[in-house]
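Worksheet: one structure, shown below.
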Amino acid sequence: LSYIITFLLYLHYYILFLLKSTIKPANFPPGPAWLPIVGTLPLIKKLCAKYGSQHVALDKLRHSYNPDIISLKFGSEKFIVVFSQDLIKDMFTLKALQGRPDNFFIKMRTNGKRAGVTMTDGPLWYEHRQFLIKHLPQQHPRSNEAEGESIPNYRRSTRILPMVAVHSARSGWVYGKLSNILGLMSLRARAFQITGGPLGFFPWLRFIAPDLVGYTLLKSLSDQLYSLVNETIMDHKERLKHIGPGDDSTPRDFIDAFLLEMERGNETYTDDQLLAICLDMFIAGSETTSNTLDFAFLNMVLHPDVQTRVQEQIDSVLGPDEKPTYALKTKLPLVEAVLLECQRMYNVIPLSGAHRATEDTKLGGYNIPKDTLIMSCLYSMHYNPDLWDEPDKFKPERFLNPNGSFNYCDSLYQFGFGKRRCLGETLARSFLFIYFVGILHRYKITTRDENISRIPLPGISISPRPYNVILVPRRS
Ligand code: HEM
C-alpha cells in the first residue's frame, strides 16, 4: 500500500509540475499557449515547415498576438521575440538584457564550459570583448589579395576571415587544414536554427538520436576546430618561449597578445578562454561574411542593369590593372548602396543571437523575468513598410541621395546594435567591399539558369540556394 501511496504522491506532484509549466508569468508578452514540457516547440516546428524558415514563421505568428512583441516557450526556456525598431533598440541597449543564454547547445562549442566572448556575459565578457577589439585588425591585413582572387576562391577566403583576424599566418597555411572544417561549418549552419533546436532544450536527446538532433555533427565540428586552433596556439607558444613577457612590441596577432597577457599572470587569460575566443570568431565570422557576399553576387545576376552601373562606377575610379582598397569606399557610393541593400533584403542573421535577462525587468511595458531569453527579428524590421518604401523590391537607390552621394540610414541593424554589436563589423565590411569590387572589376557575372530561387536556405545564418553563373572576363 505504501508503494501505491508514494506513486500517487509522485504522480500528483508531476501533474502539478506539468500544469505549472503551462502558466505564463504575470503581464508577460502575449503569445501561443504553452504545452507541458515542450512549450510552443511543436507549433513553431509546424510553422517553420509551412513557411520554410524560423524568421518568416515568427514574422507571420506575431500578427495573431502583438505585432511588436510575442512570447514563446521552448522546453523550459521562456523566449521573447521583438519585431519593431523601438523594441529591438531597447533589447540591444537595456543593461538588464545584455546577458547570454547558458544551455547545452551553446556550451557544446566550448567543451561544456562557459567561455569566450559571444556566449558569455558579465565581467569576463566585458574584459575579453575589450581586449579582442583592441587586438583585432580593423581591416583585412592583406586586402590586396582580393585582386588576385578567382571566384571559386573568394568563398574560401571570406570563410577563413576569422582566422585571419586572430592569426597573422599566410592564408595558404590555413587553407590546407581548413577545407573539411569549413564543410562542417556549412552543415552546422544549415542543420540548426538560431535557437539551437531540441538539442538545446532537451540535451538528453543526444543519447537517443545523436545524428537526428545534430549532436554527431556538432561534436565532430568542435573536435576538429579545437584541434586546429590548439595546434595554432601551440605554434605561437613555441615562438614566444624565446621572447620576454615584458616586451610589448612583440605581438604579431591576437593570439600572441593573449599569450603575453597570460604570462603577465592576468588570471582570466587561460588556455580554455583563448581557445574559446578563437572558436567564437570562427562561428560568428565565417558563414556570415561569405553568405553575405554570395547574396551580393546573386543580386548582381538577378539585376544585370545594376551590375553594369556598378561596373561603370568602379571603372571610373580604378584603372584596369589597379587593385581595390577599402579607401575607395567614399568614391563608390553605388557599391556601398548595393551591398547595404543586399544586407537589408538578405540579412544573413535574420533572427539575432539570443540575449538573456540578467534580472527582472520590463520591455515594451511587459514584465520580463530574470533568465528569459530575448531575440530580435531583424528580418521583420528590414521589411517593415513604415521604414522602407516597397521593402520587397531590390532598390539600392534608397541608400543614395538624388545627386548620387551616399545616404546614411539608421534602420539597418545587420550587425546588431549597442554593447553587444558585432565586433567584426569593420573587418567584415572591408572584406565585403574589397572582394565585391575586386571580382566585379574583373568579371561580368551572368547566368543561363532561368530558375534561380530568391528564397534563401534557412538555418543559423541563411544562404542562397546554389545557382549557376557564367564569368565573362571584362578585359582580355
Ligand atoms: C557580414 C558579416 C557579419 C554579420 C552580418 C554579423 C552580425 C552579427 C550580429 C547580428 C551579432 C549579434 C549582436 C547581438 O547579439 O547583439 C554579431 C555578434 C558578433 N560578431 Fe558578427 N557579424 C559578421 C561578421 C563577423 C566577423 C567577421 C567577426 C569576427 C572576425 C564577427 C564577430 C562577432 C562577435 C565576436 C560577436 C559577439 C559580440 C558579443 O557578444 O559581444 N562577426 N555579429
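By order in the C-alpha cells, chains are A, B, ...; within a chain, residues start at 1; ligands start at 1, following the order shown.
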Please return as a PDB file with N, CA and C atoms, in the first residue's frame the residues found within 7 Å of ligand 1, counting only C-alpha atoms and all ligand atoms.
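Output below, filename part_36.pdb:
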ATOM      1  N   PHE A  92      18.657  45.731 -27.521  1.00  0.00           N
ATOM      2  CA  PHE A  92      20.109  45.811 -27.720  1.00  0.00           C
ATOM      3  C   PHE A  92      20.794  46.779 -26.742  1.00  0.00           C
ATOM      4  N   VAL A 117      33.661  34.915 -25.861  1.00  0.00           N
ATOM      5  CA  VAL A 117      33.070  36.258 -25.828  1.00  0.00           C
ATOM      6  C   VAL A 117      31.611  36.234 -26.270  1.00  0.00           C
ATOM      7  N   THR A 118      31.323  35.506 -27.359  1.00  0.00           N
ATOM      8  CA  THR A 118      29.965  35.618 -27.912  1.00  0.00           C
ATOM      9  C   THR A 118      28.905  35.059 -26.962  1.00  0.00           C
ATOM     10  N   MET A 119      29.247  34.044 -26.168  1.00  0.00           N
ATOM     11  CA  MET A 119      28.228  33.417 -25.345  1.00  0.00           C
ATOM     12  C   MET A 119      28.496  33.526 -23.849  1.00  0.00           C
ATOM     13  N   ARG A 129      35.943  41.158 -24.420  1.00  0.00           N
ATOM     14  CA  ARG A 129      35.455  41.866 -25.615  1.00  0.00           C
ATOM     15  C   ARG A 129      36.363  43.080 -25.886  1.00  0.00           C
ATOM     16  N   LEU A 161      38.170  34.280 -42.873  1.00  0.00           N
ATOM     17  CA  LEU A 161      38.380  35.620 -42.330  1.00  0.00           C
ATOM     18  C   LEU A 161      38.614  35.626 -40.818  1.00  0.00           C
ATOM     19  N   PRO A 162      37.833  34.878 -40.032  1.00  0.00           N
ATOM     20  CA  PRO A 162      38.072  34.914 -38.592  1.00  0.00           C
ATOM     21  C   PRO A 162      39.473  34.444 -38.216  1.00  0.00           C
ATOM     22  N   ALA A 165      41.739  37.077 -38.664  1.00  0.00           N
ATOM     23  CA  ALA A 165      41.589  38.087 -37.619  1.00  0.00           C
ATOM     24  C   ALA A 165      42.443  37.798 -36.388  1.00  0.00           C
ATOM     25  N   ASP A 280      34.893  31.171 -31.169  1.00  0.00           N
ATOM     26  CA  ASP A 280      33.843  32.202 -31.316  1.00  0.00           C
ATOM     27  C   ASP A 280      33.998  32.942 -32.632  1.00  0.00           C
ATOM     28  N   MET A 281      35.236  33.309 -32.911  1.00  0.00           N
ATOM     29  CA  MET A 281      35.476  34.118 -34.107  1.00  0.00           C
ATOM     30  C   MET A 281      35.092  33.330 -35.357  1.00  0.00           C
ATOM     31  N   PHE A 282      35.438  32.045 -35.356  1.00  0.00           N
ATOM     32  CA  PHE A 282      35.074  31.204 -36.497  1.00  0.00           C
ATOM     33  C   PHE A 282      33.575  31.137 -36.669  1.00  0.00           C
ATOM     34  N   ALA A 284      31.201  33.036 -35.396  1.00  0.00           N
ATOM     35  CA  ALA A 284      30.487  34.310 -35.632  1.00  0.00           C
ATOM     36  C   ALA A 284      30.838  34.931 -36.976  1.00  0.00           C
ATOM     37  N   GLY A 285      32.058  34.667 -37.492  1.00  0.00           N
ATOM     38  CA  GLY A 285      32.510  35.469 -38.626  1.00  0.00           C
ATOM     39  C   GLY A 285      32.631  34.765 -39.958  1.00  0.00           C
ATOM     40  N   SER A 286      32.504  33.442 -39.967  1.00  0.00           N
ATOM     41  CA  SER A 286      32.824  32.719 -41.195  1.00  0.00           C
ATOM     42  C   SER A 286      31.656  32.673 -42.180  1.00  0.00           C
ATOM     43  N   THR A 288      28.758  33.998 -41.910  1.00  0.00           N
ATOM     44  CA  THR A 288      28.078  35.303 -42.038  1.00  0.00           C
ATOM     45  C   THR A 288      28.659  36.099 -43.198  1.00  0.00           C
ATOM     46  N   THR A 289      29.995  36.203 -43.227  1.00  0.00           N
ATOM     47  CA  THR A 289      30.609  37.058 -44.247  1.00  0.00           C
ATOM     48  C   THR A 289      30.494  36.420 -45.626  1.00  0.00           C
ATOM     49  N   THR A 292      26.947  36.580 -47.007  1.00  0.00           N
ATOM     50  CA  THR A 292      26.571  37.944 -47.422  1.00  0.00           C
ATOM     51  C   THR A 292      27.095  38.223 -48.832  1.00  0.00           C
ATOM     52  N   ASN A 347      19.440  39.650 -44.886  1.00  0.00           N
ATOM     53  CA  ASN A 347      20.218  39.779 -43.662  1.00  0.00           C
ATOM     54  C   ASN A 347      20.607  38.364 -43.214  1.00  0.00           C
ATOM     55  N   VAL A 348      21.893  38.025 -43.241  1.00  0.00           N
ATOM     56  CA  VAL A 348      22.263  36.615 -43.045  1.00  0.00           C
ATOM     57  C   VAL A 348      21.910  36.087 -41.660  1.00  0.00           C
ATOM     58  N   ILE A 349      21.738  37.011 -40.690  1.00  0.00           N
ATOM     59  CA  ILE A 349      21.237  36.557 -39.381  1.00  0.00           C
ATOM     60  C   ILE A 349      19.874  37.221 -39.166  1.00  0.00           C
ATOM     61  N   SER A 352      18.446  37.654 -34.598  1.00  0.00           N
ATOM     62  CA  SER A 352      19.757  37.840 -33.947  1.00  0.00           C
ATOM     63  C   SER A 352      19.935  36.835 -32.821  1.00  0.00           C
ATOM     64  N   GLY A 353      21.198  36.502 -32.512  1.00  0.00           N
ATOM     65  CA  GLY A 353      21.501  35.561 -31.427  1.00  0.00           C
ATOM     66  C   GLY A 353      20.840  36.020 -30.128  1.00  0.00           C
ATOM     67  N   ALA A 354      20.423  35.047 -29.304  1.00  0.00           N
ATOM     68  CA  ALA A 354      19.616  35.393 -28.128  1.00  0.00           C
ATOM     69  C   ALA A 354      20.407  36.166 -27.076  1.00  0.00           C
ATOM     70  N   HIS A 355      19.714  37.137 -26.455  1.00  0.00           N
ATOM     71  CA  HIS A 355      20.191  37.795 -25.238  1.00  0.00           C
ATOM     72  C   HIS A 355      19.423  37.171 -24.060  1.00  0.00           C
ATOM     73  N   GLN A 414      21.971  45.086 -39.378  1.00  0.00           N
ATOM     74  CA  GLN A 414      22.504  43.766 -39.734  1.00  0.00           C
ATOM     75  C   GLN A 414      23.656  43.332 -38.829  1.00  0.00           C
ATOM     76  N   PHE A 415      24.332  44.283 -38.175  1.00  0.00           N
ATOM     77  CA  PHE A 415      25.417  43.939 -37.259  1.00  0.00           C
ATOM     78  C   PHE A 415      24.992  44.094 -35.800  1.00  0.00           C
ATOM     79  N   GLY A 416      23.688  44.171 -35.545  1.00  0.00           N
ATOM     80  CA  GLY A 416      23.219  44.382 -34.187  1.00  0.00           C
ATOM     81  C   GLY A 416      23.367  45.849 -33.817  1.00  0.00           C
ATOM     82  N   PHE A 417      23.373  46.113 -32.506  1.00  0.00           N
ATOM     83  CA  PHE A 417      23.373  47.500 -32.028  1.00  0.00           C
ATOM     84  C   PHE A 417      23.801  47.463 -30.562  1.00  0.00           C
ATOM     85  N   LYS A 419      25.895  47.515 -26.924  1.00  0.00           N
ATOM     86  CA  LYS A 419      27.128  46.980 -26.338  1.00  0.00           C
ATOM     87  C   LYS A 419      27.556  45.627 -26.906  1.00  0.00           C
ATOM     88  N   ARG A 420      26.612  44.871 -27.449  1.00  0.00           N
ATOM     89  CA  ARG A 420      26.971  43.562 -27.996  1.00  0.00           C
ATOM     90  C   ARG A 420      27.059  43.606 -29.519  1.00  0.00           C
ATOM     91  N   ARG A 421      27.082  44.793 -30.057  1.00  0.00           N
ATOM     92  CA  ARG A 421      27.159  44.931 -31.514  1.00  0.00           C
ATOM     93  C   ARG A 421      28.336  44.108 -32.045  1.00  0.00           C
ATOM     94  N   CYS A 422      28.196  43.611 -33.256  1.00  0.00           N
ATOM     95  CA  CYS A 422      29.232  42.761 -33.851  1.00  0.00           C
ATOM     96  C   CYS A 422      30.599  43.438 -33.779  1.00  0.00           C
ATOM     97  N   LEU A 423      31.588  42.749 -33.227  1.00  0.00           N
ATOM     98  CA  LEU A 423      32.891  43.408 -33.139  1.00  0.00           C
ATOM     99  C   LEU A 423      33.759  43.106 -34.355  1.00  0.00           C
ATOM    100  N   GLY A 424      33.242  42.288 -35.275  1.00  0.00           N
ATOM    101  CA  GLY A 424      33.961  42.066 -36.526  1.00  0.00           C
ATOM    102  C   GLY A 424      33.405  42.931 -37.648  1.00  0.00           C
ATOM    103  N   GLU A 425      32.540  43.894 -37.286  1.00  0.00           N
ATOM    104  CA  GLU A 425      31.820  44.660 -38.309  1.00  0.00           C
ATOM    105  C   GLU A 425      32.754  45.347 -39.314  1.00  0.00           C
ATOM    106  N   LEU A 427      35.858  44.812 -39.989  1.00  0.00           N
ATOM    107  CA  LEU A 427      36.615  43.817 -40.743  1.00  0.00           C
ATOM    108  C   LEU A 427      35.733  43.205 -41.847  1.00  0.00           C
ATOM    109  N   ALA A 428      34.506  42.847 -41.462  1.00  0.00           N
ATOM    110  CA  ALA A 428      33.590  42.233 -42.431  1.00  0.00           C
ATOM    111  C   ALA A 428      33.251  43.221 -43.548  1.00  0.00           C
ATOM    112  N   ARG A 429      32.973  44.471 -43.177  1.00  0.00           N
ATOM    113  CA  ARG A 429      32.619  45.464 -44.195  1.00  0.00           C
ATOM    114  C   ARG A 429      33.762  45.651 -45.197  1.00  0.00           C
TER     115      ARG A 429
END
Next item on the list: Would you mind listing what lies within 9 Å of Leu400 (chain A) as JSON, numbers by chain, with only C-alpha atoms counted and same-chain residues fewer than 5 positions away left out?
Entry: {"A": [333, 334, 337, 405, 406, 407, 408]}
Check: Nearest to Leu274 (chain A) among A:His135, A:His128, A:His242, A:His441, with distances taken over only C-alpha atoms: which residue is it?
Finding: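 Closest candidate: A:His128.
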Next item on the list: Would you list the contacts of Val338 (chain A) as a PyMOL selection string, taking every protein, DNA or RNA residue within 10 Å and counting only C-alpha atoms, but skipping same-chain residues closer than 5 positions in sequence?
Entry: chain A and resi 296+299-300+306-307+310+333+343-344+394-400
Next, the residues of the selection above should be written as a PDB file, in the first residue's frame with N, CA and C atoms.
ATOM      1  N   ALA A 296      25.227  39.021 -52.435  1.00  0.00           N
ATOM      2  CA  ALA A 296      25.541  40.196 -53.251  1.00  0.00           C
ATOM      3  C   ALA A 296      25.730  39.771 -54.715  1.00  0.00           C
ATOM      4  N   ASN A 299      22.422  38.897 -56.337  1.00  0.00           N
ATOM      5  CA  ASN A 299      21.663  40.076 -56.770  1.00  0.00           C
ATOM      6  C   ASN A 299      22.224  40.707 -58.031  1.00  0.00           C
ATOM      7  N   MET A 300      23.527  40.574 -58.235  1.00  0.00           N
ATOM      8  CA  MET A 300      24.111  41.105 -59.473  1.00  0.00           C
ATOM      9  C   MET A 300      23.656  40.273 -60.672  1.00  0.00           C
ATOM     10  N   VAL A 306      21.845  46.860 -62.733  1.00  0.00           N
ATOM     11  CA  VAL A 306      22.563  47.423 -61.582  1.00  0.00           C
ATOM     12  C   VAL A 306      24.029  47.013 -61.666  1.00  0.00           C
ATOM     13  N   GLN A 307      24.275  45.768 -62.071  1.00  0.00           N
ATOM     14  CA  GLN A 307      25.659  45.297 -62.195  1.00  0.00           C
ATOM     15  C   GLN A 307      26.442  46.208 -63.150  1.00  0.00           C
ATOM     16  N   VAL A 310      27.230  49.479 -61.512  1.00  0.00           N
ATOM     17  CA  VAL A 310      28.293  49.308 -60.509  1.00  0.00           C
ATOM     18  C   VAL A 310      29.644  49.242 -61.217  1.00  0.00           C
ATOM     19  N   PRO A 333      29.893  55.214 -53.993  1.00  0.00           N
ATOM     20  CA  PRO A 333      28.657  55.157 -53.199  1.00  0.00           C
ATOM     21  C   PRO A 333      27.675  54.107 -53.704  1.00  0.00           C
ATOM     22  N   GLN A 343      22.200  43.440 -47.879  1.00  0.00           N
ATOM     23  CA  GLN A 343      22.171  43.054 -46.466  1.00  0.00           C
ATOM     24  C   GLN A 343      20.795  43.315 -45.844  1.00  0.00           C
ATOM     25  N   ARG A 344      20.099  44.329 -46.357  1.00  0.00           N
ATOM     26  CA  ARG A 344      18.736  44.570 -45.860  1.00  0.00           C
ATOM     27  C   ARG A 344      17.823  43.422 -46.283  1.00  0.00           C
ATOM     28  N   PHE A 394      14.281  45.180 -54.741  1.00  0.00           N
ATOM     29  CA  PHE A 394      15.712  45.474 -54.651  1.00  0.00           C
ATOM     30  C   PHE A 394      15.924  46.891 -55.172  1.00  0.00           C
ATOM     31  N   LYS A 395      16.150  47.840 -54.250  1.00  0.00           N
ATOM     32  CA  LYS A 395      16.272  49.249 -54.639  1.00  0.00           C
ATOM     33  C   LYS A 395      17.487  49.876 -53.966  1.00  0.00           C
ATOM     34  N   PRO A 396      18.696  49.665 -54.522  1.00  0.00           N
ATOM     35  CA  PRO A 396      19.888  50.250 -53.886  1.00  0.00           C
ATOM     36  C   PRO A 396      19.797  51.763 -53.774  1.00  0.00           C
ATOM     37  N   GLU A 397      18.987  52.380 -54.650  1.00  0.00           N
ATOM     38  CA  GLU A 397      18.919  53.854 -54.649  1.00  0.00           C
ATOM     39  C   GLU A 397      18.326  54.397 -53.354  1.00  0.00           C
ATOM     40  N   ARG A 398      17.702  53.539 -52.547  1.00  0.00           N
ATOM     41  CA  ARG A 398      17.197  54.037 -51.270  1.00  0.00           C
ATOM     42  C   ARG A 398      18.356  54.496 -50.363  1.00  0.00           C
ATOM     43  N   PHE A 399      19.576  54.020 -50.670  1.00  0.00           N
ATOM     44  CA  PHE A 399      20.747  54.448 -49.888  1.00  0.00           C
ATOM     45  C   PHE A 399      21.540  55.556 -50.596  1.00  0.00           C
ATOM     46  N   LEU A 400      20.920  56.154 -51.614  1.00  0.00           N
ATOM     47  CA  LEU A 400      21.622  57.219 -52.343  1.00  0.00           C
ATOM     48  C   LEU A 400      20.792  58.497 -52.324  1.00  0.00           C
TER      49      LEU A 400
END
Notebook entry, point to check: From the list A:Met91, A:Leu432, A:Leu205, A:Ile233, which residue is nearest Pro324 (chain A) when using only C-alpha atoms?
Noted result: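 Closest residue, counting only C-alpha atoms: A:Leu432.
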Next item on the list: Identify which of the residues A:Leu132, A:Leu225, A:Met108, A:Leu9 lies closest to Arg206 (chain A), counting only C-alpha atoms when measuring atom-to-atom distances.
Entry: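 Closest residue, counting only C-alpha atoms: A:Met108.
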Checklist line | Proximity to Leu72 (chain A) - best of A:Leu387, A:Gln98, A:Leu259, A:Thr372, only C-alpha atoms | finding: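 Once distances to Leu72 (chain A) are computed over only C-alpha atoms, the minimum belongs to A:Thr372.
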Check: CA of Asp253 (chain A) and CA of Thr426 (chain A) are how many Å apart?
Finding: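 Computing it gives 17.0 Å between the two atoms.
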Note to self: From the options A:Ile133, A:Leu217, A:Ala49, A:Pro350, which residue's atoms come nearest to Phe254 (chain A), counting only C-alpha atoms?
What the structure shows: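 Distance minimum relative to Phe254 (chain A) lands on A:Ile133.
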Checklist line | Which of region 228-412 of chain A fall in strand (DSSP E or B), as a PyMOL selection string | finding: chain A and resi 351+355-356+361-363+366-368+373-377+400+406
